[in-house]
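Read through the structure below, which is laid out as structure tokens, and then see the notes.
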Amino acid sequence: MKLTATINGVRRTLEVAPRALLIDALRDAGYTSVKRGCETGDCGACTVLVDGVPLASCVVFAGQVEGRVLTTVEGLGTPDRPHPLMEAMVDAGAVQCGFCTPGMILSAKALLDENPDPTAADVKDALDGHLCRCTGYVKQIEAVLDAAARLRTRAAAGGGAR
Ligand code: FES
Ligand code: FES
């Protein structure tokens with residue numbers, strides 16, 4: 001079957017198996033930032049944004065996102081032009097193996113899109129459900145708060161937020 005959706009700002013039509021999971025459709029299409037962890041919706045590694053809302057792509061059929069707007073970390077930035085959330089994660093030392101990081105960044109982006117000036121408790125809530133086996137959870141919260149500040153500074157300077 002065919003799946004047509006806007007992925008990272010580009011309208012794409014993917015050929016997918018009828019009962020393919022969204023995680024497989026995306027990874028097969030090259031969006032390998034979408035990580036396969038638990039496959040039961042419990043670890044957050046496979047999180048993508050669907051119409052701006054974080055969803056575990058391992059428990060969603062590809063066919064369920066027909067016509068929707070999808071965002072993976074590939075759509076946020078690149079090594080040459082990183083999103084402030086990416087920069088802040090690195091600067092805070094919140095990335096070790098990096099397996100959990102794309103999903104956390106996307107949940108954090110959804111939070112900051114709704115609330116540009118969150119509290120640490122807000123960030124903690126937004127990252128609830130994302131498991132990290134390496135770093136503990138303090139540095140990611142610091143990183144999201146730092147990214148929020150960077151984005152507010154950029155917006156105040158007229159640069160807009162991504
Ligand atoms: S792989 Fe989907 S939530 Fe863990
Ligand atoms: S950095 Fe390794 S799982 Fe989080």
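Every chain in the structure tokens takes a letter, A first, then B, and so on in the order presented; its residues are numbered from 1, and the ligands are numbered from 1 following the presented order.
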Just want the residues within 10 Å of ligand 2, written as a VMD selection string, counting only C-alpha atoms and all ligand atoms. chain A and resid 37 43 45 93 to 104 130 to 137 140
Would you save the residues from that selection as a short mmCIF file (atom, residue, chain, number, x, y, z; two decimals), in the first residue's frame, using N, CA, C and O atoms?
data_model
loop_
_atom_site.label_atom_id
_atom_site.label_comp_id
_atom_site.auth_asym_id
_atom_site.auth_seq_id
_atom_site.Cartn_x
_atom_site.Cartn_y
_atom_site.Cartn_z
N GLY A 37 13.55 0.55 20.28
CA GLY A 37 13.93 0.11 21.62
C GLY A 37 13.06 -1.04 22.04
O GLY A 37 13.24 -2.18 21.62
N CYS A 43 9.44 2.96 25.91
CA CYS A 43 10.76 3.56 26.14
C CYS A 43 10.95 4.94 25.51
O CYS A 43 11.86 5.67 25.88
N ALA A 45 12.03 5.72 22.58
CA ALA A 45 13.12 5.87 21.59
C ALA A 45 12.61 6.10 20.18
O ALA A 45 13.29 6.71 19.35
N GLY A 93 26.02 17.85 28.14
CA GLY A 93 26.52 16.50 28.40
C GLY A 93 25.38 15.51 28.58
O GLY A 93 25.51 14.50 29.28
N ALA A 94 24.25 15.80 27.90
CA ALA A 94 23.06 14.95 28.06
C ALA A 94 23.03 13.80 27.06
O ALA A 94 22.08 13.03 27.04
N VAL A 95 24.07 13.71 26.23
CA VAL A 95 24.12 12.66 25.21
C VAL A 95 25.32 11.77 25.50
O VAL A 95 26.45 12.25 25.54
N GLN A 96 25.06 10.49 25.69
CA GLN A 96 26.18 9.55 25.76
C GLN A 96 26.09 8.61 24.56
O GLN A 96 26.61 8.92 23.51
N CYS A 97 25.34 7.51 24.66
CA CYS A 97 25.21 6.69 23.45
C CYS A 97 24.30 7.35 22.43
O CYS A 97 24.39 7.08 21.23
N GLY A 98 23.41 8.20 22.89
CA GLY A 98 22.55 8.96 21.99
C GLY A 98 21.29 8.24 21.54
O GLY A 98 20.49 8.80 20.80
N PHE A 99 21.10 7.03 22.01
CA PHE A 99 19.96 6.24 21.52
C PHE A 99 18.62 6.87 21.90
O PHE A 99 17.67 6.87 21.13
N CYS A 100 18.56 7.43 23.08
CA CYS A 100 17.31 8.02 23.56
C CYS A 100 17.11 9.45 23.08
O CYS A 100 16.02 10.01 23.21
N THR A 101 18.18 10.05 22.56
CA THR A 101 18.18 11.50 22.35
C THR A 101 17.17 12.00 21.30
O THR A 101 16.48 12.99 21.55
N PRO A 102 17.05 11.36 20.13
CA PRO A 102 16.08 11.89 19.16
C PRO A 102 14.66 11.96 19.72
O PRO A 102 13.97 12.97 19.53
N GLY A 103 14.25 10.92 20.39
CA GLY A 103 12.89 10.92 20.95
C GLY A 103 12.71 12.00 22.00
O GLY A 103 11.69 12.70 22.04
N MET A 104 13.72 12.17 22.84
CA MET A 104 13.63 13.21 23.86
C MET A 104 13.57 14.59 23.22
O MET A 104 12.81 15.46 23.66
N HIS A 130 10.39 8.63 28.53
CA HIS A 130 11.62 8.44 27.75
C HIS A 130 12.67 7.82 28.65
O HIS A 130 13.10 8.44 29.64
N LEU A 131 13.09 6.63 28.32
CA LEU A 131 14.10 5.95 29.15
C LEU A 131 15.49 6.23 28.61
O LEU A 131 15.71 6.25 27.39
N CYS A 132 16.42 6.47 29.53
CA CYS A 132 17.82 6.65 29.18
C CYS A 132 18.64 5.73 30.07
O CYS A 132 18.53 5.79 31.29
N ARG A 133 19.44 4.89 29.43
CA ARG A 133 20.23 3.93 30.18
C ARG A 133 21.61 4.47 30.54
O ARG A 133 22.39 3.79 31.20
N CYS A 134 21.95 5.66 30.05
CA CYS A 134 23.33 6.13 30.18
C CYS A 134 23.50 7.27 31.17
O CYS A 134 24.40 7.24 32.00
N THR A 135 22.70 8.30 31.04
CA THR A 135 23.08 9.57 31.64
C THR A 135 22.36 9.89 32.94
O THR A 135 22.76 10.83 33.63
N GLY A 136 21.29 9.20 33.25
CA GLY A 136 20.41 9.73 34.28
C GLY A 136 19.52 10.75 33.59
O GLY A 136 19.57 10.88 32.38
N TYR A 137 18.78 11.50 34.34
CA TYR A 137 17.76 12.34 33.69
C TYR A 137 17.92 13.82 33.99
O TYR A 137 17.14 14.62 33.51
N GLN A 140 19.35 16.14 30.79
CA GLN A 140 18.38 16.40 29.72
C GLN A 140 17.43 17.53 30.11
O GLN A 140 17.06 18.36 29.27
#
Please tabulate, as a Markdown table, the residues of chain A that come within 12 Å of ligand 1, each with its closest pair of atoms and the distance in Å to one decimal, counting only C-alpha atoms and all ligand atoms and ordering rows by chain, then residue number upward.
| residue | atom | partner | partner_atom_place_in_ligand_line | distance |
| --- | --- | --- | --- | --- |
| A:Leu21 | CA | ligand 1 | 2 (Fe) | 10.3 |
| A:Leu22 | CA | ligand 1 | 2 (Fe) | 10.0 |
| A:Ile23 | CA | ligand 1 | 2 (Fe) | 7.8 |
| A:Asp24 | CA | ligand 1 | 1 (S) | 10.7 |
| A:Ser33 | CA | ligand 1 | 1 (S) | 11.9 |
| A:Val34 | CA | ligand 1 | 1 (S) | 8.7 |
| A:Lys35 | CA | ligand 1 | 1 (S) | 6.5 |
| A:Arg36 | CA | ligand 1 | 1 (S) | 4.3 |
| A:Gly37 | CA | ligand 1 | 1 (S) | 3.7 |
| A:Cys38 | CA | ligand 1 | 4 (Fe) | 3.9 |
| A:Glu39 | CA | ligand 1 | 1 (S) | 3.9 |
| A:Thr40 | CA | ligand 1 | 3 (S) | 5.6 |
| A:Gly41 | CA | ligand 1 | 3 (S) | 3.3 |
| A:Asp42 | CA | ligand 1 | 3 (S) | 4.4 |
| A:Cys43 | CA | ligand 1 | 4 (Fe) | 3.8 |
| A:Gly44 | CA | ligand 1 | 3 (S) | 4.1 |
| A:Ala45 | CA | ligand 1 | 4 (Fe) | 5.1 |
| A:Cys46 | CA | ligand 1 | 2 (Fe) | 4.4 |
| A:Thr47 | CA | ligand 1 | 2 (Fe) | 6.6 |
| A:Val48 | CA | ligand 1 | 2 (Fe) | 9.7 |
| A:Pro54 | CA | ligand 1 | 3 (S) | 10.9 |
| A:Leu55 | CA | ligand 1 | 3 (S) | 8.5 |
| A:Ala56 | CA | ligand 1 | 2 (Fe) | 4.9 |
| A:Ser57 | CA | ligand 1 | 2 (Fe) | 5.8 |
| A:Cys58 | CA | ligand 1 | 2 (Fe) | 4.3 |
| A:Val59 | CA | ligand 1 | 2 (Fe) | 6.6 |
| A:Val60 | CA | ligand 1 | 2 (Fe) | 9.3 |
| A:Phe99 | CA | ligand 1 | 1 (S) | 10.6 |
| A:Cys100 | CA | ligand 1 | 4 (Fe) | 9.5 |
| A:Pro102 | CA | ligand 1 | 1 (S) | 11.9 |
| A:Gly103 | CA | ligand 1 | 3 (S) | 9.2 |
| A:Met104 | CA | ligand 1 | 3 (S) | 11.4 |
| A:Asp128 | CA | ligand 1 | 3 (S) | 11.8 |
| A:Gly129 | CA | ligand 1 | 3 (S) | 8.2 |
| A:His130 | CA | ligand 1 | 3 (S) | 8.0 |
| A:Leu131 | CA | ligand 1 | 4 (Fe) | 8.5 |
| A:Cys132 | CA | ligand 1 | 4 (Fe) | 11.1 |
Same residues, N, CA and C atoms, saved as a compact mmCIF listing (two decimals), in the first residue's frame:
# COMPACT_ATOMS: atom_id res chain seq x y z
N LEU A 21 4.37 -1.06 10.60
CA LEU A 21 4.37 -0.07 11.68
C LEU A 21 5.04 1.21 11.19
N LEU A 22 4.64 2.32 11.79
CA LEU A 22 5.21 3.59 11.37
C LEU A 22 6.72 3.61 11.55
N ILE A 23 7.23 3.02 12.63
CA ILE A 23 8.68 3.01 12.85
C ILE A 23 9.39 2.36 11.66
N ASP A 24 8.83 1.27 11.15
CA ASP A 24 9.49 0.57 10.04
C ASP A 24 9.37 1.38 8.75
N SER A 33 16.96 8.21 12.53
CA SER A 33 16.98 8.78 13.88
C SER A 33 15.87 8.16 14.72
N VAL A 34 14.90 7.55 14.08
CA VAL A 34 13.77 6.91 14.80
C VAL A 34 14.28 5.56 15.29
N LYS A 35 14.49 5.46 16.60
CA LYS A 35 15.19 4.29 17.15
C LYS A 35 14.22 3.22 17.63
N ARG A 36 14.65 2.00 17.47
CA ARG A 36 13.86 0.85 17.90
C ARG A 36 14.37 0.38 19.26
N GLY A 37 13.55 0.55 20.28
CA GLY A 37 13.93 0.11 21.62
C GLY A 37 13.06 -1.04 22.04
N CYS A 38 12.05 -0.72 22.85
CA CYS A 38 11.22 -1.76 23.46
C CYS A 38 10.22 -2.38 22.49
N GLU A 39 9.77 -1.63 21.52
CA GLU A 39 8.72 -2.03 20.57
C GLU A 39 7.37 -2.26 21.24
N THR A 40 7.21 -1.73 22.43
CA THR A 40 5.92 -1.87 23.12
C THR A 40 5.38 -0.53 23.60
N GLY A 41 5.94 0.55 23.12
CA GLY A 41 5.42 1.86 23.51
C GLY A 41 5.88 2.34 24.87
N ASP A 42 6.94 1.72 25.40
CA ASP A 42 7.32 2.02 26.78
C ASP A 42 8.61 2.80 26.96
N CYS A 43 9.44 2.96 25.91
CA CYS A 43 10.76 3.56 26.14
C CYS A 43 10.95 4.94 25.51
N GLY A 44 10.13 5.28 24.53
CA GLY A 44 10.20 6.60 23.92
C GLY A 44 11.23 6.75 22.82
N ALA A 45 12.03 5.72 22.58
CA ALA A 45 13.12 5.87 21.59
C ALA A 45 12.61 6.10 20.18
N CYS A 46 11.42 5.61 19.89
CA CYS A 46 10.88 5.68 18.52
C CYS A 46 9.95 6.87 18.33
N THR A 47 9.95 7.80 19.27
CA THR A 47 9.01 8.92 19.22
C THR A 47 9.18 9.76 17.95
N VAL A 48 8.07 10.08 17.34
CA VAL A 48 8.04 11.06 16.24
C VAL A 48 6.90 12.03 16.56
N PRO A 54 3.84 14.22 20.14
CA PRO A 54 4.74 13.07 20.22
C PRO A 54 3.95 11.75 20.28
N LEU A 55 4.36 10.82 19.43
CA LEU A 55 3.73 9.49 19.42
C LEU A 55 4.81 8.43 19.30
N ALA A 56 4.59 7.30 19.95
CA ALA A 56 5.52 6.17 19.82
C ALA A 56 5.22 5.47 18.50
N SER A 57 6.17 5.56 17.57
CA SER A 57 5.90 5.04 16.22
C SER A 57 5.91 3.52 16.16
N CYS A 58 6.31 2.87 17.26
CA CYS A 58 6.30 1.41 17.27
C CYS A 58 4.93 0.83 17.57
N VAL A 59 4.00 1.67 17.95
CA VAL A 59 2.65 1.16 18.26
C VAL A 59 1.60 1.84 17.37
N VAL A 60 2.06 2.39 16.25
CA VAL A 60 1.16 3.06 15.30
C VAL A 60 1.37 2.41 13.94
N PHE A 99 21.10 7.03 22.01
CA PHE A 99 19.96 6.24 21.52
C PHE A 99 18.62 6.87 21.90
N CYS A 100 18.56 7.43 23.08
CA CYS A 100 17.31 8.02 23.56
C CYS A 100 17.11 9.45 23.08
N PRO A 102 17.05 11.36 20.13
CA PRO A 102 16.08 11.89 19.16
C PRO A 102 14.66 11.96 19.72
N GLY A 103 14.25 10.92 20.39
CA GLY A 103 12.89 10.92 20.95
C GLY A 103 12.71 12.00 22.00
N MET A 104 13.72 12.17 22.84
CA MET A 104 13.63 13.21 23.86
C MET A 104 13.57 14.59 23.22
N ASP A 128 8.70 12.48 30.50
CA ASP A 128 8.23 11.27 31.18
C ASP A 128 7.98 10.19 30.12
N GLY A 129 8.43 9.00 30.37
CA GLY A 129 8.23 7.94 29.39
C GLY A 129 9.41 7.74 28.46
N HIS A 130 10.39 8.63 28.53
CA HIS A 130 11.62 8.44 27.75
C HIS A 130 12.67 7.82 28.65
N LEU A 131 13.09 6.63 28.32
CA LEU A 131 14.10 5.95 29.15
C LEU A 131 15.49 6.23 28.61
N CYS A 132 16.42 6.47 29.53
CA CYS A 132 17.82 6.65 29.18
C CYS A 132 18.64 5.73 30.07
List as JSON, numbers by chain the protein and nucleic acid residues near segment 72-76 of chain A, meaning an atom at most 10 Å away when only C-alpha atoms are counted, but skip any in the same chain fewer than 3 places from it. {"A": [7, 8, 9, 10, 26, 30, 31, 32, 33, 34, 46, 47, 48, 49, 50, 79, 81, 82, 83, 84, 85, 86, 101, 102, 103, 104, 105, 106, 109, 162]}
Would you put the residues from that selection into a file with C-alpha atoms, as a short mmCIF file (atom, residue, chain, number, x, y, z; two decimals), in the first residue's frame?
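Printed below is part-v6.cif as written:
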data_model
loop_
_atom_site.label_atom_id
_atom_site.label_comp_id
_atom_site.auth_asym_id
_atom_site.auth_seq_id
_atom_site.Cartn_x
_atom_site.Cartn_y
_atom_site.Cartn_z
CA ILE A 7 7.65 14.26 6.42
CA ASN A 8 9.95 17.00 7.66
CA GLY A 9 8.24 19.49 5.40
CA VAL A 10 8.37 17.33 2.27
CA LEU A 26 10.15 5.70 8.50
CA GLY A 30 15.90 6.61 5.64
CA TYR A 31 14.74 8.35 8.82
CA THR A 32 17.06 6.32 11.00
CA SER A 33 16.98 8.78 13.88
CA VAL A 34 13.77 6.91 14.80
CA CYS A 46 10.88 5.68 18.52
CA THR A 47 9.01 8.92 19.22
CA VAL A 48 8.04 11.06 16.24
CA LEU A 49 5.77 14.09 16.03
CA VAL A 50 2.46 13.55 14.28
CA PRO A 79 25.29 18.73 12.27
CA ARG A 81 23.02 23.74 11.41
CA PRO A 82 21.78 22.16 14.63
CA HIS A 83 18.52 23.05 16.33
CA PRO A 84 19.04 24.75 19.73
CA LEU A 85 17.72 21.59 21.41
CA MET A 86 20.47 19.60 19.72
CA THR A 101 18.18 11.50 22.35
CA PRO A 102 16.08 11.89 19.16
CA GLY A 103 12.89 10.92 20.95
CA MET A 104 13.63 13.21 23.86
CA ILE A 105 14.38 16.10 21.52
CA LEU A 106 11.07 15.65 19.74
CA LYS A 109 10.19 20.37 20.87
CA ARG A 162 12.42 26.67 14.79
#
Where does segment 37-129 of chain A meet segment 145-148 of chain A within 8 Å, residue by residue, with the nearest atom pair and distance in Å to one decimal for each, counting only C-alpha atoms, listed by chain and rising number, as JSON lines?
{"residue": "A:Pro84", "atom": "CA", "partner": "A:Ala147", "partner_atom": "CA", "distance": 5.3}
{"residue": "A:Leu85", "atom": "CA", "partner": "A:Ala147", "partner_atom": "CA", "distance": 5.1}
{"residue": "A:Glu87", "atom": "CA", "partner": "A:Ala147", "partner_atom": "CA", "distance": 7.8}
{"residue": "A:Ala88", "atom": "CA", "partner": "A:Ala147", "partner_atom": "CA", "distance": 5.5}
{"residue": "A:Leu112", "atom": "CA", "partner": "A:Ala148", "partner_atom": "CA", "distance": 6.7}
{"residue": "A:Pro116", "atom": "CA", "partner": "A:Ala148", "partner_atom": "CA", "distance": 6.0}
{"residue": "A:Asp117", "atom": "CA", "partner": "A:Ala148", "partner_atom": "CA", "distance": 6.3}
{"residue": "A:Pro118", "atom": "CA", "partner": "A:Leu145", "partner_atom": "CA", "distance": 7.2}
{"residue": "A:Thr119", "atom": "CA", "partner": "A:Leu145", "partner_atom": "CA", "distance": 7.6}
{"residue": "A:Ala120", "atom": "CA", "partner": "A:Leu145", "partner_atom": "CA", "distance": 7.1}
{"residue": "A:Val123", "atom": "CA", "partner": "A:Leu145", "partner_atom": "CA", "distance": 7.6}
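With distances restricted to only C-alpha atoms, A:Thr4 is the closest residue to Gly63 of chain A from A:Glu114, A:Thr4, A:Ala92, A:Arg27.
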